[in-house]
Amino acid sequence: MRSRRGSRGELTNQKKPSTAVSEAELRCGAAILPAGRRRENLMADIEGMLREAFGERVLPFDRAAAREYADIAATRNVRDFDGIGVDIVNPWNAA
C-alpha cells in the first residue's frame with residue numbers, strides 16, 4: 001500500500017502518529033473543566049478525533065522515550081532554543 005502524500009510531499013494526517021503524552025494532555029485538559037455539557041462534549045470530541053485521525057497510531061511514552069526526553073524539544077518557536085545543546089523538532093514543518 002502506498003503512503004498518501006500531501007501537495008508538498010509530506011505524509012498526510014492519515015499516516016502520521018500521535019503520542020500517548022499528547023493524548024493524556026488533551027484528556028487532562030478536558031477533565032479539569034467543570035462538570036457539565038461543555039466538558040462532556042469536549043471529551044466526546046477528543047475521543048472521536050483520536051479514533052478517527054490516529055486509530056492505533058499512538059506512540060507510547062516508554063523507557064526509551066524517557067531516556068531521550070531531556071535531549072529533544074518539540075516546539076514551533078525554535079529560535080528560543082538555539083544554542084542550548086538540545087535537538088529541536090518543529091512538528092509543524094515538513095522534514
# chains A, B, ... in the order shown; residues from 1 in each chain; ligands from 1

call {"tool": "select_by_dssp", "arguments": {"residues": "chain A", "states": "strand (DSSP E or B)", "output": "number ranges by chain"}}
result
A: 5, 11, 18-19, 58-59, 72-74, 87-89

call {"tool": "write_last_selection", "arguments": {"atoms": "N, CA and C atoms", "output": "PDB file, in the first residue's frame"}}
result
ATOM      1  N   ARG A   5       0.511  11.165   0.160  1.00  0.00           N
ATOM      2  CA  ARG A   5       1.353  12.338   0.303  1.00  0.00           C
ATOM      3  C   ARG A   5       0.530  13.583   0.031  1.00  0.00           C
ATOM      4  N   LEU A  11       3.759  13.414   4.547  1.00  0.00           N
ATOM      5  CA  LEU A  11       2.706  12.457   4.842  1.00  0.00           C
ATOM      6  C   LEU A  11       1.466  13.200   5.294  1.00  0.00           C
ATOM      7  N   SER A  18       0.323   9.993  16.597  1.00  0.00           N
ATOM      8  CA  SER A  18       0.291  10.909  17.736  1.00  0.00           C
ATOM      9  C   SER A  18       1.089  10.239  18.848  1.00  0.00           C
ATOM     10  N   THR A  19       1.062  10.818  20.025  1.00  0.00           N
ATOM     11  CA  THR A  19       1.782  10.224  21.145  1.00  0.00           C
ATOM     12  C   THR A  19       0.849  10.042  22.332  1.00  0.00           C
ATOM     13  N   VAL A  58      -0.665   5.555  17.924  1.00  0.00           N
ATOM     14  CA  VAL A  58      -0.312   6.380  19.078  1.00  0.00           C
ATOM     15  C   VAL A  58       0.980   5.808  19.650  1.00  0.00           C
ATOM     16  N   LEU A  59       2.021   6.620  19.599  1.00  0.00           N
ATOM     17  CA  LEU A  59       3.327   6.172  20.078  1.00  0.00           C
ATOM     18  C   LEU A  59       3.362   6.192  21.601  1.00  0.00           C
ATOM     19  N   ILE A  72      15.629  16.403  23.617  1.00  0.00           N
ATOM     20  CA  ILE A  72      14.881  16.953  22.487  1.00  0.00           C
ATOM     21  C   ILE A  72      13.854  17.965  22.971  1.00  0.00           C
ATOM     22  N   ALA A  73      13.447  18.798  22.075  1.00  0.00           N
ATOM     23  CA  ALA A  73      12.343  19.725  22.343  1.00  0.00           C
ATOM     24  C   ALA A  73      11.514  19.804  21.079  1.00  0.00           C
ATOM     25  N   ALA A  74      10.216  19.755  21.228  1.00  0.00           N
ATOM     26  CA  ALA A  74       9.315  19.914  20.090  1.00  0.00           C
ATOM     27  C   ALA A  74       8.563  21.219  20.294  1.00  0.00           C
ATOM     28  N   ASP A  87      18.442  19.050  20.650  1.00  0.00           N
ATOM     29  CA  ASP A  87      17.903  18.891  19.303  1.00  0.00           C
ATOM     30  C   ASP A  87      16.483  19.427  19.277  1.00  0.00           C
ATOM     31  N   ILE A  88      16.198  20.296  18.323  1.00  0.00           N
ATOM     32  CA  ILE A  88      14.889  20.917  18.217  1.00  0.00           C
ATOM     33  C   ILE A  88      14.109  20.284  17.070  1.00  0.00           C
ATOM     34  N   VAL A  89      12.861  19.940  17.330  1.00  0.00           N
ATOM     35  CA  VAL A  89      11.960  19.403  16.317  1.00  0.00           C
ATOM     36  C   VAL A  89      10.793  20.348  16.209  1.00  0.00           C
TER      37      VAL A  89
END

call {"tool": "closest_residue", "arguments": {"among": "A:Ala20, A:Arg27, A:Glu52, A:Phe81", "to": "Glu40 (chain A)", "atoms": "only C-alpha atoms"}}
result
A:Arg27

call {"tool": "residues_around", "arguments": {"residues": "Pro17 (chain A)", "least_positions_apart": "2", "cutoff": "9 Å", "atoms": "only C-alpha atoms", "output": "number ranges by chain"}}
result
A: 13-15, 19, 53-59

call {"tool": "atom_distance", "arguments": {"atom1": "CA of Ala70 (chain A)", "atom2": "CA of Ile32 (chain A)"}}
result
27.2 Å

call {"tool": "atom_distance", "arguments": {"atom1": "CA of Gly48 (chain A)", "atom2": "CA of Thr75 (chain A)"}}
result
25.3 Å

call {"tool": "select_by_dssp", "arguments": {"residues": "chain A", "states": "alpha helix (DSSP H)", "output": "PyMOL selection string"}}
result
chain A and resi 20-31+37-54+63-69

call {"tool": "closest_residue", "arguments": {"among": "A:Asp62, A:Glu23, A:Ala35, A:Glu68", "to": "Met49 (chain A)", "atoms": "only C-alpha atoms"}}
result
A:Glu23

call {"tool": "decode", "arguments": {"residues": "region 54-70 of chain A", "atoms": "all heavy atoms", "output": "PDB file, in the first residue's frame"}}
result
ATOM      1  N   PHE A  54      -6.152   9.076  14.284  1.00  0.00           N
ATOM      2  CA  PHE A  54      -4.955   8.295  14.580  1.00  0.00           C
ATOM      3  C   PHE A  54      -5.196   6.803  14.752  1.00  0.00           C
ATOM      4  O   PHE A  54      -4.265   6.022  14.621  1.00  0.00           O
ATOM      5  CB  PHE A  54      -4.263   8.844  15.828  1.00  0.00           C
ATOM      6  CG  PHE A  54      -3.878  10.280  15.680  1.00  0.00           C
ATOM      7  CD1 PHE A  54      -4.575  11.280  16.328  1.00  0.00           C
ATOM      8  CD2 PHE A  54      -2.822  10.641  14.859  1.00  0.00           C
ATOM      9  CE1 PHE A  54      -4.225  12.609  16.178  1.00  0.00           C
ATOM     10  CE2 PHE A  54      -2.463  11.968  14.690  1.00  0.00           C
ATOM     11  CZ  PHE A  54      -3.170  12.956  15.358  1.00  0.00           C
ATOM     12  N   GLY A  55      -6.408   6.396  15.067  1.00  0.00           N
ATOM     13  CA  GLY A  55      -6.663   4.972  15.262  1.00  0.00           C
ATOM     14  C   GLY A  55      -5.709   4.403  16.288  1.00  0.00           C
ATOM     15  O   GLY A  55      -5.638   4.870  17.416  1.00  0.00           O
ATOM     16  N   GLU A  56      -4.955   3.420  15.875  1.00  0.00           N
ATOM     17  CA  GLU A  56      -3.970   2.782  16.768  1.00  0.00           C
ATOM     18  C   GLU A  56      -2.572   3.376  16.616  1.00  0.00           C
ATOM     19  O   GLU A  56      -1.623   2.878  17.213  1.00  0.00           O
ATOM     20  CB  GLU A  56      -3.931   1.273  16.511  1.00  0.00           C
ATOM     21  CG  GLU A  56      -5.235   0.574  16.835  1.00  0.00           C
ATOM     22  CD  GLU A  56      -5.607   0.711  18.308  1.00  0.00           C
ATOM     23  OE1 GLU A  56      -4.733   0.545  19.176  1.00  0.00           O
ATOM     24  OE2 GLU A  56      -6.784   1.016  18.591  1.00  0.00           O
ATOM     25  N   ARG A  57      -2.429   4.438  15.816  1.00  0.00           N
ATOM     26  CA  ARG A  57      -1.115   5.051  15.592  1.00  0.00           C
ATOM     27  C   ARG A  57      -0.801   6.051  16.701  1.00  0.00           C
ATOM     28  O   ARG A  57      -0.690   7.247  16.469  1.00  0.00           O
ATOM     29  CB  ARG A  57      -1.061   5.717  14.223  1.00  0.00           C
ATOM     30  CG  ARG A  57      -1.128   4.737  13.062  1.00  0.00           C
ATOM     31  CD  ARG A  57      -0.981   5.415  11.711  1.00  0.00           C
ATOM     32  NE  ARG A  57      -1.602   6.716  11.608  1.00  0.00           N
ATOM     33  CZ  ARG A  57      -2.893   6.942  11.357  1.00  0.00           C
ATOM     34  NH1 ARG A  57      -3.711   5.943  11.188  1.00  0.00           N
ATOM     35  NH2 ARG A  57      -3.365   8.162  11.262  1.00  0.00           N
ATOM     36  N   VAL A  58      -0.665   5.555  17.924  1.00  0.00           N
ATOM     37  CA  VAL A  58      -0.312   6.380  19.078  1.00  0.00           C
ATOM     38  C   VAL A  58       0.980   5.808  19.650  1.00  0.00           C
ATOM     39  O   VAL A  58       1.032   4.659  20.089  1.00  0.00           O
ATOM     40  CB  VAL A  58      -1.430   6.377  20.144  1.00  0.00           C
ATOM     41  CG1 VAL A  58      -1.008   7.190  21.354  1.00  0.00           C
ATOM     42  CG2 VAL A  58      -2.722   6.933  19.552  1.00  0.00           C
ATOM     43  N   LEU A  59       2.021   6.620  19.599  1.00  0.00           N
ATOM     44  CA  LEU A  59       3.327   6.172  20.078  1.00  0.00           C
ATOM     45  C   LEU A  59       3.362   6.192  21.601  1.00  0.00           C
ATOM     46  O   LEU A  59       2.912   7.150  22.230  1.00  0.00           O
ATOM     47  CB  LEU A  59       4.426   7.079  19.527  1.00  0.00           C
ATOM     48  CG  LEU A  59       4.490   7.186  18.005  1.00  0.00           C
ATOM     49  CD1 LEU A  59       5.532   8.209  17.592  1.00  0.00           C
ATOM     50  CD2 LEU A  59       4.783   5.829  17.385  1.00  0.00           C
ATOM     51  N   PRO A  60       3.907   5.150  22.227  1.00  0.00           N
ATOM     52  CA  PRO A  60       3.945   5.094  23.686  1.00  0.00           C
ATOM     53  C   PRO A  60       5.028   6.006  24.254  1.00  0.00           C
ATOM     54  O   PRO A  60       5.990   6.351  23.572  1.00  0.00           O
ATOM     55  CB  PRO A  60       4.278   3.635  23.974  1.00  0.00           C
ATOM     56  CG  PRO A  60       5.093   3.216  22.791  1.00  0.00           C
ATOM     57  CD  PRO A  60       4.489   3.962  21.610  1.00  0.00           C
ATOM     58  N   PHE A  61       4.847   6.383  25.499  1.00  0.00           N
ATOM     59  CA  PHE A  61       5.925   7.045  26.232  1.00  0.00           C
ATOM     60  C   PHE A  61       6.506   5.991  27.149  1.00  0.00           C
ATOM     61  O   PHE A  61       6.060   5.781  28.264  1.00  0.00           O
ATOM     62  CB  PHE A  61       5.416   8.256  27.027  1.00  0.00           C
ATOM     63  CG  PHE A  61       6.532   9.087  27.580  1.00  0.00           C
ATOM     64  CD1 PHE A  61       7.144  10.044  26.812  1.00  0.00           C
ATOM     65  CD2 PHE A  61       6.999   8.889  28.874  1.00  0.00           C
ATOM     66  CE1 PHE A  61       8.187  10.817  27.300  1.00  0.00           C
ATOM     67  CE2 PHE A  61       8.039   9.654  29.382  1.00  0.00           C
ATOM     68  CZ  PHE A  61       8.635  10.612  28.592  1.00  0.00           C
ATOM     69  N   ASP A  62       7.506   5.306  26.634  1.00  0.00           N
ATOM     70  CA  ASP A  62       8.099   4.190  27.354  1.00  0.00           C
ATOM     71  C   ASP A  62       9.488   4.568  27.863  1.00  0.00           C
ATOM     72  O   ASP A  62       9.880   5.737  27.816  1.00  0.00           O
ATOM     73  CB  ASP A  62       8.151   2.962  26.457  1.00  0.00           C
ATOM     74  CG  ASP A  62       8.886   3.219  25.142  1.00  0.00           C
ATOM     75  OD1 ASP A  62       9.519   4.294  24.998  1.00  0.00           O
ATOM     76  OD2 ASP A  62       8.822   2.353  24.257  1.00  0.00           O
ATOM     77  N   ARG A  63      10.222   3.608  28.357  1.00  0.00           N
ATOM     78  CA  ARG A  63      11.550   3.891  28.913  1.00  0.00           C
ATOM     79  C   ARG A  63      12.492   4.469  27.867  1.00  0.00           C
ATOM     80  O   ARG A  63      13.291   5.354  28.168  1.00  0.00           O
ATOM     81  CB  ARG A  63      12.137   2.634  29.523  1.00  0.00           C
ATOM     82  CG  ARG A  63      11.373   2.198  30.777  1.00  0.00           C
ATOM     83  CD  ARG A  63      12.040   1.076  31.456  1.00  0.00           C
ATOM     84  NE  ARG A  63      13.204   1.620  32.166  1.00  0.00           N
ATOM     85  CZ  ARG A  63      14.136   0.876  32.700  1.00  0.00           C
ATOM     86  NH1 ARG A  63      14.072  -0.425  32.616  1.00  0.00           N
ATOM     87  NH2 ARG A  63      15.155   1.427  33.331  1.00  0.00           N
ATOM     88  N   ALA A  64      12.395   3.978  26.646  1.00  0.00           N
ATOM     89  CA  ALA A  64      13.257   4.511  25.583  1.00  0.00           C
ATOM     90  C   ALA A  64      12.948   5.983  25.343  1.00  0.00           C
ATOM     91  O   ALA A  64      13.852   6.803  25.178  1.00  0.00           O
ATOM     92  CB  ALA A  64      13.083   3.701  24.299  1.00  0.00           C
ATOM     93  N   ALA A  65      11.674   6.328  25.328  1.00  0.00           N
ATOM     94  CA  ALA A  65      11.289   7.734  25.156  1.00  0.00           C
ATOM     95  C   ALA A  65      11.741   8.564  26.351  1.00  0.00           C
ATOM     96  O   ALA A  65      12.194   9.696  26.188  1.00  0.00           O
ATOM     97  CB  ALA A  65       9.782   7.842  24.979  1.00  0.00           C
ATOM     98  N   ALA A  66      11.630   8.012  27.537  1.00  0.00           N
ATOM     99  CA  ALA A  66      12.052   8.736  28.743  1.00  0.00           C
ATOM    100  C   ALA A  66      13.541   9.062  28.702  1.00  0.00           C
ATOM    101  O   ALA A  66      13.952  10.146  29.126  1.00  0.00           O
ATOM    102  CB  ALA A  66      11.715   7.918  29.987  1.00  0.00           C
ATOM    103  N   ARG A  67      14.343   8.143  28.185  1.00  0.00           N
ATOM    104  CA  ARG A  67      15.792   8.394  28.098  1.00  0.00           C
ATOM    105  C   ARG A  67      16.116   9.528  27.131  1.00  0.00           C
ATOM    106  O   ARG A  67      17.073  10.259  27.317  1.00  0.00           O
ATOM    107  CB  ARG A  67      16.518   7.124  27.684  1.00  0.00           C
ATOM    108  CG  ARG A  67      16.635   6.108  28.809  1.00  0.00           C
ATOM    109  CD  ARG A  67      17.572   4.970  28.429  1.00  0.00           C
ATOM    110  NE  ARG A  67      17.020   4.105  27.402  1.00  0.00           N
ATOM    111  CZ  ARG A  67      16.230   3.062  27.627  1.00  0.00           C
ATOM    112  NH1 ARG A  67      15.895   2.751  28.841  1.00  0.00           N
ATOM    113  NH2 ARG A  67      15.794   2.326  26.635  1.00  0.00           N
ATOM    114  N   GLU A  68      15.314   9.685  26.085  1.00  0.00           N
ATOM    115  CA  GLU A  68      15.554  10.721  25.081  1.00  0.00           C
ATOM    116  C   GLU A  68      14.894  12.055  25.419  1.00  0.00           C
ATOM    117  O   GLU A  68      15.232  13.079  24.838  1.00  0.00           O
ATOM    118  CB  GLU A  68      15.038  10.244  23.716  1.00  0.00           C
ATOM    119  CG  GLU A  68      15.695   8.981  23.212  1.00  0.00           C
ATOM    120  CD  GLU A  68      17.174   9.162  22.920  1.00  0.00           C
ATOM    121  OE1 GLU A  68      17.569  10.268  22.486  1.00  0.00           O
ATOM    122  OE2 GLU A  68      17.936   8.211  23.119  1.00  0.00           O
ATOM    123  N   TYR A  69      13.988  12.063  26.356  1.00  0.00           N
ATOM    124  CA  TYR A  69      13.145  13.218  26.663  1.00  0.00           C
ATOM    125  C   TYR A  69      13.945  14.493  26.918  1.00  0.00           C
ATOM    126  O   TYR A  69      13.610  15.559  26.406  1.00  0.00           O
ATOM    127  CB  TYR A  69      12.277  12.879  27.866  1.00  0.00           C
ATOM    128  CG  TYR A  69      11.324  13.963  28.278  1.00  0.00           C
ATOM    129  CD1 TYR A  69      10.164  14.202  27.557  1.00  0.00           C
ATOM    130  CD2 TYR A  69      11.582  14.745  29.396  1.00  0.00           C
ATOM    131  CE1 TYR A  69       9.277  15.180  27.934  1.00  0.00           C
ATOM    132  CE2 TYR A  69      10.699  15.733  29.786  1.00  0.00           C
ATOM    133  CZ  TYR A  69       9.549  15.949  29.053  1.00  0.00           C
ATOM    134  OH  TYR A  69       8.679  16.924  29.436  1.00  0.00           O
ATOM    135  N   ALA A  70      14.993  14.416  27.689  1.00  0.00           N
ATOM    136  CA  ALA A  70      15.771  15.608  28.050  1.00  0.00           C
ATOM    137  C   ALA A  70      16.614  16.129  26.895  1.00  0.00           C
ATOM    138  O   ALA A  70      17.104  17.253  26.960  1.00  0.00           O
ATOM    139  CB  ALA A  70      16.662  15.312  29.244  1.00  0.00           C
TER     140      ALA A  70
END
